[in-house]
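Below is protein.cif, which holds mmCIF, C-alpha atoms.
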data_protein
loop_
_atom_site.label_atom_id
_atom_site.label_comp_id
_atom_site.auth_asym_id
_atom_site.auth_seq_id
_atom_site.Cartn_x
_atom_site.Cartn_y
_atom_site.Cartn_z
CA MET A 1 -14.73 -4.62 -21.31
CA LYS A 2 -12.89 -1.39 -21.95
CA GLU A 3 -13.90 2.09 -20.95
CA LYS A 4 -14.98 4.47 -23.73
CA GLN A 5 -16.68 7.83 -24.06
CA THR A 6 -20.35 8.12 -24.90
CA PHE A 7 -22.52 10.77 -26.53
CA HIS A 8 -23.09 13.78 -24.25
CA VAL A 9 -23.60 17.49 -24.88
CA ASN A 10 -23.61 20.54 -22.65
CA GLY A 11 -26.72 20.33 -20.53
CA TYR A 12 -27.31 24.07 -20.16
CA LEU A 13 -27.36 24.68 -23.90
CA ALA A 14 -29.46 21.56 -24.47
CA LEU A 15 -31.89 22.67 -21.75
CA VAL A 16 -32.49 25.97 -23.54
CA VAL A 17 -33.11 24.12 -26.83
CA LEU A 18 -35.48 21.63 -25.17
CA ILE A 19 -37.48 24.41 -23.52
CA GLY A 20 -37.73 26.07 -26.93
CA LEU A 21 -38.99 22.81 -28.43
CA LEU A 22 -41.59 22.49 -25.69
CA ILE A 23 -42.84 26.01 -26.31
CA GLY A 24 -42.84 25.49 -30.09
CA GLY A 25 -44.66 22.19 -29.75
CA ALA A 26 -47.27 23.73 -27.45
CA TYR A 27 -47.80 26.60 -29.92
CA LEU A 28 -48.20 24.25 -32.92
CA PHE A 29 -50.57 21.99 -31.00
CA TYR A 30 -52.70 24.95 -29.85
CA ASP A 31 -52.71 26.57 -33.30
CA GLY A 32 -53.56 23.29 -35.00
CA ALA A 33 -56.36 22.59 -32.54
CA ILE A 34 -57.92 26.05 -33.15
CA TYR A 35 -57.72 25.93 -36.93
CA SER A 36 -58.20 22.15 -37.23
CA ARG A 37 -54.79 21.56 -38.77
CA ALA A 38 -53.86 17.94 -38.14
CA ALA A 39 -50.28 18.35 -39.37
CA GLU A 40 -49.50 21.05 -36.82
CA ILE A 41 -51.06 18.95 -34.06
CA ILE A 42 -48.91 15.94 -35.01
CA ILE A 43 -45.73 18.02 -35.23
CA GLY A 44 -46.47 19.62 -31.85
CA VAL A 45 -46.98 16.20 -30.23
CA VAL A 46 -43.77 14.90 -31.79
CA LEU A 47 -41.82 17.91 -30.49
CA TRP A 48 -43.25 17.31 -27.01
CA ILE A 49 -42.23 13.65 -27.06
CA ILE A 50 -38.71 14.49 -28.23
CA SER A 51 -38.38 17.20 -25.58
CA PHE A 52 -39.56 14.95 -22.75
CA LEU A 53 -37.27 12.13 -23.89
CA PHE A 54 -34.19 14.32 -23.86
CA LEU A 55 -35.25 16.02 -20.62
CA SER A 56 -35.22 12.56 -19.02
CA SER A 57 -31.66 12.11 -20.26
CA LEU A 58 -30.35 15.10 -18.31
CA THR A 59 -27.67 13.98 -15.86
CA ILE A 60 -25.36 15.69 -13.37
CA VAL A 61 -21.80 14.43 -12.89
CA GLN A 62 -20.14 15.47 -9.64
CA PRO A 63 -16.38 16.13 -9.29
CA ASN A 64 -14.32 12.92 -9.07
CA GLN A 65 -17.30 10.90 -10.21
CA ALA A 66 -18.22 9.17 -13.44
CA LYS A 67 -21.44 7.84 -14.89
CA ALA A 68 -21.61 4.69 -16.97
CA ILE A 69 -24.43 4.84 -19.54
CA LEU A 70 -26.40 1.65 -20.25
CA PHE A 71 -29.00 1.39 -23.01
CA PHE A 72 -31.25 -1.62 -22.37
CA GLY A 73 -28.32 -3.64 -21.01
CA GLN A 74 -25.77 -2.43 -23.56
CA TYR A 75 -22.78 -0.41 -22.37
CA LEU A 76 -22.61 2.80 -24.41
CA GLY A 77 -19.75 4.54 -22.62
CA THR A 78 -18.80 6.67 -19.62
CA ILE A 79 -19.08 10.38 -18.84
CA LYS A 80 -16.15 11.61 -16.73
CA SER A 81 -16.52 15.35 -17.28
CA ASN A 82 -18.09 17.37 -14.47
CA GLY A 83 -21.31 19.32 -14.92
CA LEU A 84 -24.78 19.04 -16.46
CA PHE A 85 -25.11 16.97 -19.63
CA VAL A 86 -27.69 15.52 -21.99
CA THR A 87 -26.97 12.01 -23.20
CA THR A 88 -28.82 9.22 -24.98
CA PRO A 89 -32.49 9.02 -23.88
CA LEU A 90 -33.95 5.98 -22.12
CA THR A 91 -30.62 4.98 -20.62
CA GLN A 92 -29.60 3.83 -17.17
CA LYS A 93 -26.91 5.92 -15.47
CA VAL A 94 -24.64 4.16 -12.96
CA ASN A 95 -22.51 6.23 -10.60
CA VAL A 96 -18.85 5.23 -10.13
CA SER A 97 -16.59 7.04 -7.67
CA LEU A 98 -13.16 8.07 -8.97
CA LYS A 99 -11.97 9.34 -5.59
CA VAL A 100 -8.86 8.01 -3.90
CA ARG A 101 -9.94 5.56 -1.22
CA ASN A 102 -8.19 3.37 1.32
CA PHE A 103 -8.90 -0.08 2.61
CA ASN A 104 -7.69 -1.31 5.99
CA SER A 105 -7.35 -5.08 5.94
CA SER A 106 -8.40 -7.16 8.89
CA LEU A 107 -5.77 -8.58 11.23
CA LEU A 108 -4.45 -11.74 9.55
CA LYS A 109 -2.62 -14.61 11.24
CA VAL A 110 -0.16 -16.30 8.89
CA ASN A 111 3.17 -18.15 8.97
CA ASP A 112 6.30 -16.40 7.73
CA SER A 113 8.92 -18.15 5.58
CA ASP A 114 10.46 -19.71 8.73
CA GLY A 115 7.12 -21.12 9.81
CA ASN A 116 6.67 -18.71 12.72
CA PRO A 117 3.05 -17.55 13.26
CA ILE A 118 2.72 -13.77 12.93
CA GLU A 119 -0.04 -11.19 12.91
CA ILE A 120 -0.09 -8.77 9.98
CA SER A 121 -2.38 -6.19 8.38
CA ALA A 122 -1.95 -3.45 5.80
CA VAL A 123 -3.54 -0.28 4.42
CA VAL A 124 -4.20 -0.20 0.66
CA VAL A 125 -4.74 3.15 -1.10
CA PHE A 126 -6.45 2.83 -4.49
CA LYS A 127 -8.75 4.46 -7.04
CA VAL A 128 -10.84 3.34 -10.00
CA VAL A 129 -9.32 4.24 -13.39
CA ASP A 130 -11.46 2.09 -15.71
CA THR A 131 -15.17 2.23 -14.92
CA ALA A 132 -16.14 -0.46 -17.45
CA LYS A 133 -13.84 -3.07 -15.89
CA ALA A 134 -14.88 -2.09 -12.37
CA LEU A 135 -18.59 -2.49 -13.16
CA PHE A 136 -18.71 -5.36 -15.63
CA ASP A 137 -15.55 -7.49 -15.37
CA VAL A 138 -15.89 -8.27 -11.64
CA ASP A 139 -18.83 -8.72 -9.32
CA TYR A 140 -18.90 -5.91 -6.72
CA TYR A 141 -15.42 -4.52 -7.26
CA GLN A 142 -15.11 -3.24 -3.67
CA ASN A 143 -15.52 -6.75 -2.26
CA PHE A 144 -13.13 -7.99 -4.94
CA ILE A 145 -10.51 -5.46 -3.78
CA GLU A 146 -10.85 -6.49 -0.13
CA ILE A 147 -10.53 -10.21 -0.81
CA GLN A 148 -7.61 -9.84 -3.23
CA SER A 149 -5.81 -7.48 -0.83
CA GLU A 150 -5.96 -9.98 2.01
CA THR A 151 -4.83 -12.76 -0.35
CA ALA A 152 -1.83 -10.71 -1.50
CA ILE A 153 -0.90 -9.83 2.10
CA ARG A 154 -0.96 -13.51 3.07
CA HIS A 155 1.19 -14.44 0.08
CA ILE A 156 3.79 -11.73 0.72
CA ALA A 157 3.99 -12.61 4.43
CA THR A 158 4.94 -16.19 3.56
CA GLN A 159 7.79 -15.06 1.27
CA TYR A 160 9.93 -13.38 3.96
CA PRO A 161 10.95 -14.14 7.55
CA TYR A 162 9.79 -11.88 10.35
CA ASP A 163 13.39 -11.40 11.51
CA THR A 164 16.79 -13.09 11.08
CA PHE A 165 20.27 -12.97 12.59
CA ASN A 166 21.72 -11.96 9.21
CA ASP A 167 21.39 -8.24 8.55
CA ASP A 168 21.68 -8.76 4.78
CA ASP A 169 18.41 -10.73 4.55
CA ILE A 170 15.14 -8.99 3.66
CA THR A 171 12.74 -9.32 6.58
CA LEU A 172 9.22 -8.16 7.30
CA ARG A 173 10.33 -6.16 10.33
CA GLY A 174 13.53 -4.65 9.01
CA ASN A 175 12.59 -3.92 5.38
CA THR A 176 9.06 -2.55 5.50
CA ASN A 177 9.61 -0.29 2.48
CA GLU A 178 10.77 -3.15 0.26
CA VAL A 179 7.99 -5.44 1.48
CA SER A 180 5.36 -2.73 0.94
CA ALA A 181 6.64 -2.10 -2.59
CA GLU A 182 6.47 -5.83 -3.37
CA LEU A 183 2.94 -5.97 -1.95
CA ALA A 184 1.85 -3.01 -4.10
CA LYS A 185 3.31 -4.64 -7.21
CA GLU A 186 1.54 -7.96 -6.62
CA LEU A 187 -1.71 -6.26 -5.68
CA GLN A 188 -1.65 -4.15 -8.85
CA GLU A 189 -1.37 -7.33 -10.93
CA ARG A 190 -4.34 -8.83 -9.11
CA LEU A 191 -6.55 -5.72 -9.33
CA ALA A 192 -5.81 -4.76 -12.94
CA VAL A 193 -8.77 -6.89 -14.05
CA ALA A 194 -11.05 -4.66 -11.96
CA GLY A 195 -9.77 -1.39 -13.49
CA VAL A 196 -8.21 -0.31 -10.19
CA GLU A 197 -4.89 1.50 -9.69
CA VAL A 198 -3.01 0.78 -6.46
CA ILE A 199 -1.43 4.04 -5.27
CA GLU A 200 0.27 2.84 -2.10
CA THR A 201 0.36 -0.03 0.38
CA ARG A 202 1.73 0.09 3.92
CA LEU A 203 1.99 -2.48 6.70
CA ASN A 204 0.21 -0.99 9.71
CA HIS A 205 0.50 -3.96 12.08
CA LEU A 206 3.22 -6.56 12.37
CA ALA A 207 3.92 -8.75 15.40
CA TYR A 208 4.58 -12.29 16.47
CA ALA A 209 1.52 -14.30 17.44
CA THR A 210 0.83 -14.32 21.17
CA GLU A 211 1.80 -17.99 21.62
CA ILE A 212 5.43 -17.37 20.58
CA ALA A 213 5.84 -13.67 21.38
CA SER A 214 7.68 -14.31 24.66
CA ALA A 215 10.15 -16.77 23.12
CA MET A 216 10.84 -14.47 20.19
CA LEU A 217 11.45 -11.55 22.56
CA GLN A 218 14.10 -13.58 24.35
CA ARG A 219 15.71 -14.38 21.02
CA GLN A 220 15.82 -10.69 20.08
CA GLN A 221 17.38 -9.84 23.45
CA ALA A 222 20.01 -12.55 22.97
CA LYS A 223 20.77 -11.20 19.51
CA ALA A 224 21.24 -7.69 20.91
CA ILE A 225 23.59 -8.96 23.64
CA LEU A 226 25.56 -10.96 21.09
CA SER A 227 25.95 -7.93 18.81
CA ALA A 228 27.08 -5.75 21.71
CA ARG A 229 29.64 -8.33 22.81
CA GLN A 230 31.00 -8.58 19.29
CA ILE A 231 31.56 -4.82 19.16
CA ILE A 232 33.25 -4.86 22.58
CA VAL A 233 35.61 -7.70 21.61
CA GLU A 234 36.57 -6.01 18.34
CA GLY A 235 37.32 -2.78 20.19
CA ALA A 236 39.27 -4.59 22.91
CA VAL A 237 41.51 -6.36 20.39
CA SER A 238 42.19 -3.08 18.61
CA MET A 239 43.00 -1.25 21.87
CA THR A 240 45.29 -4.07 23.06
CA GLN A 241 47.21 -4.09 19.79
CA MET A 242 47.63 -0.33 19.93
CA ALA A 243 48.79 -0.45 23.57
CA LEU A 244 51.47 -3.05 22.82
CA GLU A 245 52.75 -1.07 19.84
CA GLN A 246 52.96 2.14 21.87
CA ILE A 247 54.78 0.45 24.79
CA GLU A 248 57.33 -1.29 22.57
CA ASP A 249 57.98 1.74 20.33
CA GLY A 250 58.01 4.45 22.98
CA GLN A 251 60.01 2.68 25.68
CA ASP A 252 62.23 0.53 23.49
CA ILE A 253 61.03 -2.55 25.32
CA ASN A 254 60.94 -5.98 23.77
CA PHE A 255 58.58 -8.41 25.47
CA THR A 256 59.16 -12.10 25.43
CA ASP A 257 56.38 -14.23 24.02
CA ASP A 258 55.28 -15.31 27.49
CA ARG A 259 55.18 -11.75 28.79
CA LYS A 260 53.36 -10.57 25.69
CA VAL A 261 50.69 -13.27 26.08
CA GLN A 262 50.29 -12.40 29.75
CA LEU A 263 49.96 -8.68 29.00
CA ILE A 264 47.45 -9.30 26.22
CA ASN A 265 45.40 -11.51 28.52
CA ASN A 266 45.38 -8.87 31.28
CA LEU A 267 44.41 -6.07 28.91
CA LEU A 268 41.61 -8.07 27.28
CA VAL A 269 40.17 -9.12 30.62
CA SER A 270 40.31 -5.53 31.91
CA ILE A 271 38.57 -4.11 28.85
CA ILE A 272 35.96 -6.80 28.18
CA THR A 273 34.80 -7.57 31.70
CA ASP A 274 31.77 -5.68 32.96
CA LYS A 275 32.97 -5.89 36.58
CA GLY A 276 35.70 -3.99 38.36
CA THR A 277 39.22 -5.48 38.12
CA GLN A 278 41.82 -5.68 40.90
CA PRO A 279 45.37 -4.71 39.88
CA VAL A 280 48.09 -7.27 40.61
CA ILE A 281 51.69 -6.03 41.07
CA ASN A 282 54.33 -8.46 39.90
CA THR A 283 57.45 -8.02 42.06
CA GLY A 284 59.41 -10.72 40.35
CA ASP A 285 60.30 -14.28 41.32
CA VAL A 286 60.75 -15.01 45.03
CA LYS A 287 63.22 -17.73 45.98
CA GLU A 288 63.17 -19.35 49.38
CA LYS A 289 66.43 -19.45 51.32
CA GLY A 290 67.62 -22.79 52.50
CA VAL A 291 67.85 -23.37 56.26
#
Translate the structure described by the file into structure tokens.
Amino acid sequence: MKEKQTFHVNGYLALVVLIGLLIGGAYLFYDGAIYSRAAEIIIGVVLWIISFLFLSSLTIVQPNQAKAILFFGQYLGTIKSNGLFVTTPLTQKVNVSLKVRNFNSSLLKVNDSDGNPIEISAVVVFKVVDTAKALFDVDYYQNFIEIQSETAIRHIATQYPYDTFNDDDITLRGNTNEVSAELAKELQERLAVAGVEVIETRLNHLAYATEIASAMLQRQQAKAILSARQIIVEGAVSMTQMALEQIEDGQDINFTDDRKVQLINNLLVSIITDKGTQPVINTGDVKEKGV
């Protein structure tokens, strides 16, 4: 099915014409009845029938709404213009909302790409752009949207890990914009058959399942400590190298390899340790005197 326009004319102008036909038909019927003119009576009755048929075809289309016109089961077309219109008589008029709507998926429990159970849900913003597909290509398009949305969310959740130690990997927690864009793309492919346009998708809930939440929290804390230690070590090495260069250049001192290793060790320990250090003064070698 493909959406198309159907016959419709301005309802206000048509209403004036139909009222005129009713008055003309009543006059011909009355005049024919008085003067026994069968032709006028027949014409008056015909005008009445035509007027009543087209009066029954009057329809009002609200803003951001459309009406699909069915003639004894056959799809004639859709009226998307707003206002009062006269269309084909003896037709069924089905309302279809063109407003932007959102759907909040239920909380889903799935496994990410690493096999960890997570809880996830999303908000899907959509609107109907093809009324024929929405009405006739799927059964209850709103239910179709809900089921396909949850299916797409489950599929996307299994494609990425919740979190990783590598910052370059795409994860559900760290790359919500990329994941949401991928979800919108997949959902648009699924809902195209229903004549629906996906405007936006956003993850609104993402967490580890309760049975592993505690263990995953410990892993995140360990990752944070590891990252902090890495930064501290890199800074300590840089500071130690700079200190040695300044001492040797400024004081014209040349350390032996043993002294340099000892100094580097002392500086690294002093910088990296998170506890207070006690200075040790080296007074040189002490030799015992013989008795």
### Task
To verify the selection step, state as a ChimeraX atom specification which residues the PyMOL selection byres ((chain A and resi 71) around 10) yields on this input.
/A:69-70,72-77,88-93
Suppose we keep C-alpha atoms; can you now write the selection as a compact mmCIF listing (two decimals), keeping the file's coordinate frame?
# COMPACT_ATOMS: atom_id res chain seq x y z
CA ILE A 69 -24.43 4.84 -19.54
CA LEU A 70 -26.40 1.65 -20.25
CA PHE A 72 -31.25 -1.62 -22.37
CA GLY A 73 -28.32 -3.64 -21.01
CA GLN A 74 -25.77 -2.43 -23.56
CA TYR A 75 -22.78 -0.41 -22.37
CA LEU A 76 -22.61 2.80 -24.41
CA GLY A 77 -19.75 4.54 -22.62
CA THR A 88 -28.82 9.22 -24.98
CA PRO A 89 -32.49 9.02 -23.88
CA LEU A 90 -33.95 5.98 -22.12
CA THR A 91 -30.62 4.98 -20.62
CA GLN A 92 -29.60 3.83 -17.17
CA LYS A 93 -26.91 5.92 -15.47
### Message
Report as an MDAnalysis selection string all protein, DNA and RNA residues lying within 12 Å of A:Leu15, evaluated on all atoms listed in the file, omitting residues in the same chain fewer than 3 positions from it.
### Response
chainID A and resid 9:12 18:22 51:52 54:59 84:87
Neighbouring residues of stretch 173-187 of chain A were defined as those with any atom within 8 Å, considering all atoms listed in the file; residues of the same chain fewer than 6 positions away were excluded. Please report them as a short mmCIF file (atom, residue, chain, number, x, y, z; two decimals) with C-alpha atoms, in the coordinates of the input.
data_model
loop_
_atom_site.label_atom_id
_atom_site.label_comp_id
_atom_site.auth_asym_id
_atom_site.auth_seq_id
_atom_site.Cartn_x
_atom_site.Cartn_y
_atom_site.Cartn_z
CA GLN A 148 -7.61 -9.84 -3.23
CA SER A 149 -5.81 -7.48 -0.83
CA ALA A 152 -1.83 -10.71 -1.50
CA ILE A 153 -0.90 -9.83 2.10
CA ILE A 156 3.79 -11.73 0.72
CA TYR A 162 9.79 -11.88 10.35
CA ASP A 163 13.39 -11.40 11.51
CA VAL A 198 -3.01 0.78 -6.46
CA ILE A 199 -1.43 4.04 -5.27
CA GLU A 200 0.27 2.84 -2.10
CA THR A 201 0.36 -0.03 0.38
CA ARG A 202 1.73 0.09 3.92
CA LEU A 203 1.99 -2.48 6.70
CA LEU A 206 3.22 -6.56 12.37
#
## Note on the structure
In terms of only C-alpha atoms, the residue from A:Ala157, A:Ile79, A:Val138, A:Val233 at minimal distance from A:Asp114 is A:Ala157
### Query
Which is closest to A:Glu211 among A:Lys80, A:Lys109, A:Lys133, A:Arg229, if we use all atoms listed in the file?
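Looking at the shortest contact to A:Glu211, the residue is A:Lys109.
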### Output check: residues returned by the PyMOL selection byres ((chain A and resi 241) around 12), as JSON, numbers by chain
{"A": [234, 235, 236, 237, 238, 239, 240, 242, 243, 244, 245, 246, 247, 248, 260, 261, 263, 264, 265, 267, 268]}
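Every polymer residue reaching to within 10 Å of (-15.1, 5.7, -10.7), counting all atoms listed in the file, appears in this list: Asn64, Gln65, Ala66, Lys67, Ala68, Thr78, Lys80, Val94, Asn95, Val96, Ser97, Leu98, Lys99, Val100, Lys127, Val128, Val129, Asp130, Thr131, Ala132, Ala134, Leu135, Gly195 and Val196 of chain A.
This file, filtered with the PyMOL selection byres ((chain A and resi 37-49) around 9), gives the residues A:Leu21, A:Leu22, A:Ile23, A:Gly24, A:Gly25, A:Ala26, A:Tyr27, A:Leu28, A:Phe29, A:Tyr30, A:Asp31, A:Gly32, A:Ala33, A:Ile34, A:Tyr35, A:Ser36, A:Ile50, A:Ser51, A:Phe52, A:Leu53, A:Phe54.
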Once 4 Å is added on each side, what are the centre and the three edge lengths, in Å to one decimal, of the axis-aligned box enclosing the listed atoms of stretch 161-165 of chain A? Present them as AutoDock Vina command-line options.
--center_x 15.0 --center_y -12.8 --center_z 10.1 --size_x 18.5 --size_y 10.7 --size_z 13.0
For stretch 167-189 of chain A, where the input has fewer atoms than it should, I would like N, CA and C atoms rebuilt and written as a PDB file, keeping the file's coordinate frame.
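Just written: selection-v8.pdb:
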ATOM      1  N   ASP A 167      21.894  -9.571   8.902  1.00  0.00           N
ATOM      2  CA  ASP A 167      21.390  -8.240   8.550  1.00  0.00           C
ATOM      3  C   ASP A 167      21.194  -8.045   7.062  1.00  0.00           C
ATOM      4  N   ASP A 168      21.802  -8.923   6.234  1.00  0.00           N
ATOM      5  CA  ASP A 168      21.680  -8.760   4.780  1.00  0.00           C
ATOM      6  C   ASP A 168      20.374  -9.327   4.237  1.00  0.00           C
ATOM      7  N   ASP A 169      19.664 -10.130   5.016  1.00  0.00           N
ATOM      8  CA  ASP A 169      18.410 -10.730   4.550  1.00  0.00           C
ATOM      9  C   ASP A 169      17.279  -9.700   4.599  1.00  0.00           C
ATOM     10  N   ILE A 170      16.344  -9.828   3.663  1.00  0.00           N
ATOM     11  CA  ILE A 170      15.140  -8.990   3.660  1.00  0.00           C
ATOM     12  C   ILE A 170      14.130  -9.601   4.613  1.00  0.00           C
ATOM     13  N   THR A 171      13.684  -8.834   5.574  1.00  0.00           N
ATOM     14  CA  THR A 171      12.740  -9.320   6.580  1.00  0.00           C
ATOM     15  C   THR A 171      11.520  -8.414   6.617  1.00  0.00           C
ATOM     16  N   LEU A 172      10.445  -8.949   7.179  1.00  0.00           N
ATOM     17  CA  LEU A 172       9.220  -8.160   7.300  1.00  0.00           C
ATOM     18  C   LEU A 172       9.400  -7.002   8.263  1.00  0.00           C
ATOM     19  N   ARG A 173      10.159  -7.206   9.324  1.00  0.00           N
ATOM     20  CA  ARG A 173      10.330  -6.160  10.330  1.00  0.00           C
ATOM     21  C   ARG A 173      11.367  -5.123   9.927  1.00  0.00           C
ATOM     22  N   GLY A 174      12.436  -5.569   9.300  1.00  0.00           N
ATOM     23  CA  GLY A 174      13.530  -4.650   9.010  1.00  0.00           C
ATOM     24  C   GLY A 174      13.474  -3.984   7.650  1.00  0.00           C
ATOM     25  N   ASN A 175      12.645  -4.469   6.746  1.00  0.00           N
ATOM     26  CA  ASN A 175      12.590  -3.920   5.380  1.00  0.00           C
ATOM     27  C   ASN A 175      11.138  -3.659   4.991  1.00  0.00           C
ATOM     28  N   THR A 176      10.476  -2.812   5.759  1.00  0.00           N
ATOM     29  CA  THR A 176       9.060  -2.550   5.500  1.00  0.00           C
ATOM     30  C   THR A 176       8.840  -1.851   4.163  1.00  0.00           C
ATOM     31  N   ASN A 177       9.770  -0.982   3.758  1.00  0.00           N
ATOM     32  CA  ASN A 177       9.610  -0.290   2.480  1.00  0.00           C
ATOM     33  C   ASN A 177       9.672  -1.263   1.311  1.00  0.00           C
ATOM     34  N   GLU A 178      10.643  -2.180   1.334  1.00  0.00           N
ATOM     35  CA  GLU A 178      10.770  -3.150   0.260  1.00  0.00           C
ATOM     36  C   GLU A 178       9.574  -4.101   0.233  1.00  0.00           C
ATOM     37  N   VAL A 179       9.134  -4.539   1.409  1.00  0.00           N
ATOM     38  CA  VAL A 179       7.990  -5.440   1.480  1.00  0.00           C
ATOM     39  C   VAL A 179       6.724  -4.747   0.999  1.00  0.00           C
ATOM     40  N   SER A 180       6.536  -3.476   1.383  1.00  0.00           N
ATOM     41  CA  SER A 180       5.360  -2.730   0.940  1.00  0.00           C
ATOM     42  C   SER A 180       5.364  -2.535  -0.568  1.00  0.00           C
ATOM     43  N   ALA A 181       6.542  -2.260  -1.137  1.00  0.00           N
ATOM     44  CA  ALA A 181       6.640  -2.100  -2.590  1.00  0.00           C
ATOM     45  C   ALA A 181       6.309  -3.414  -3.309  1.00  0.00           C
ATOM     46  N   GLU A 182       6.775  -4.534  -2.778  1.00  0.00           N
ATOM     47  CA  GLU A 182       6.470  -5.830  -3.370  1.00  0.00           C
ATOM     48  C   GLU A 182       4.975  -6.139  -3.253  1.00  0.00           C
ATOM     49  N   LEU A 183       4.376  -5.757  -2.126  1.00  0.00           N
ATOM     50  CA  LEU A 183       2.940  -5.970  -1.950  1.00  0.00           C
ATOM     51  C   LEU A 183       2.146  -5.129  -2.940  1.00  0.00           C
ATOM     52  N   ALA A 184       2.547  -3.867  -3.144  1.00  0.00           N
ATOM     53  CA  ALA A 184       1.850  -3.010  -4.100  1.00  0.00           C
ATOM     54  C   ALA A 184       1.951  -3.553  -5.524  1.00  0.00           C
ATOM     55  N   LYS A 185       3.122  -4.086  -5.868  1.00  0.00           N
ATOM     56  CA  LYS A 185       3.310  -4.640  -7.210  1.00  0.00           C
ATOM     57  C   LYS A 185       2.406  -5.854  -7.432  1.00  0.00           C
ATOM     58  N   GLU A 186       2.383  -6.756  -6.466  1.00  0.00           N
ATOM     59  CA  GLU A 186       1.540  -7.960  -6.620  1.00  0.00           C
ATOM     60  C   GLU A 186       0.066  -7.599  -6.617  1.00  0.00           C
ATOM     61  N   LEU A 187      -0.303  -6.639  -5.763  1.00  0.00           N
ATOM     62  CA  LEU A 187      -1.710  -6.260  -5.680  1.00  0.00           C
ATOM     63  C   LEU A 187      -2.174  -5.569  -6.961  1.00  0.00           C
ATOM     64  N   GLN A 188      -1.298  -4.796  -7.598  1.00  0.00           N
ATOM     65  CA  GLN A 188      -1.650  -4.150  -8.850  1.00  0.00           C
ATOM     66  C   GLN A 188      -1.927  -5.191  -9.939  1.00  0.00           C
ATOM     67  N   GLU A 189      -1.144  -6.255  -9.954  1.00  0.00           N
ATOM     68  CA  GLU A 189      -1.370  -7.330 -10.930  1.00  0.00           C
ATOM     69  C   GLU A 189      -2.714  -8.012 -10.695  1.00  0.00           C
TER      70      GLU A 189
END
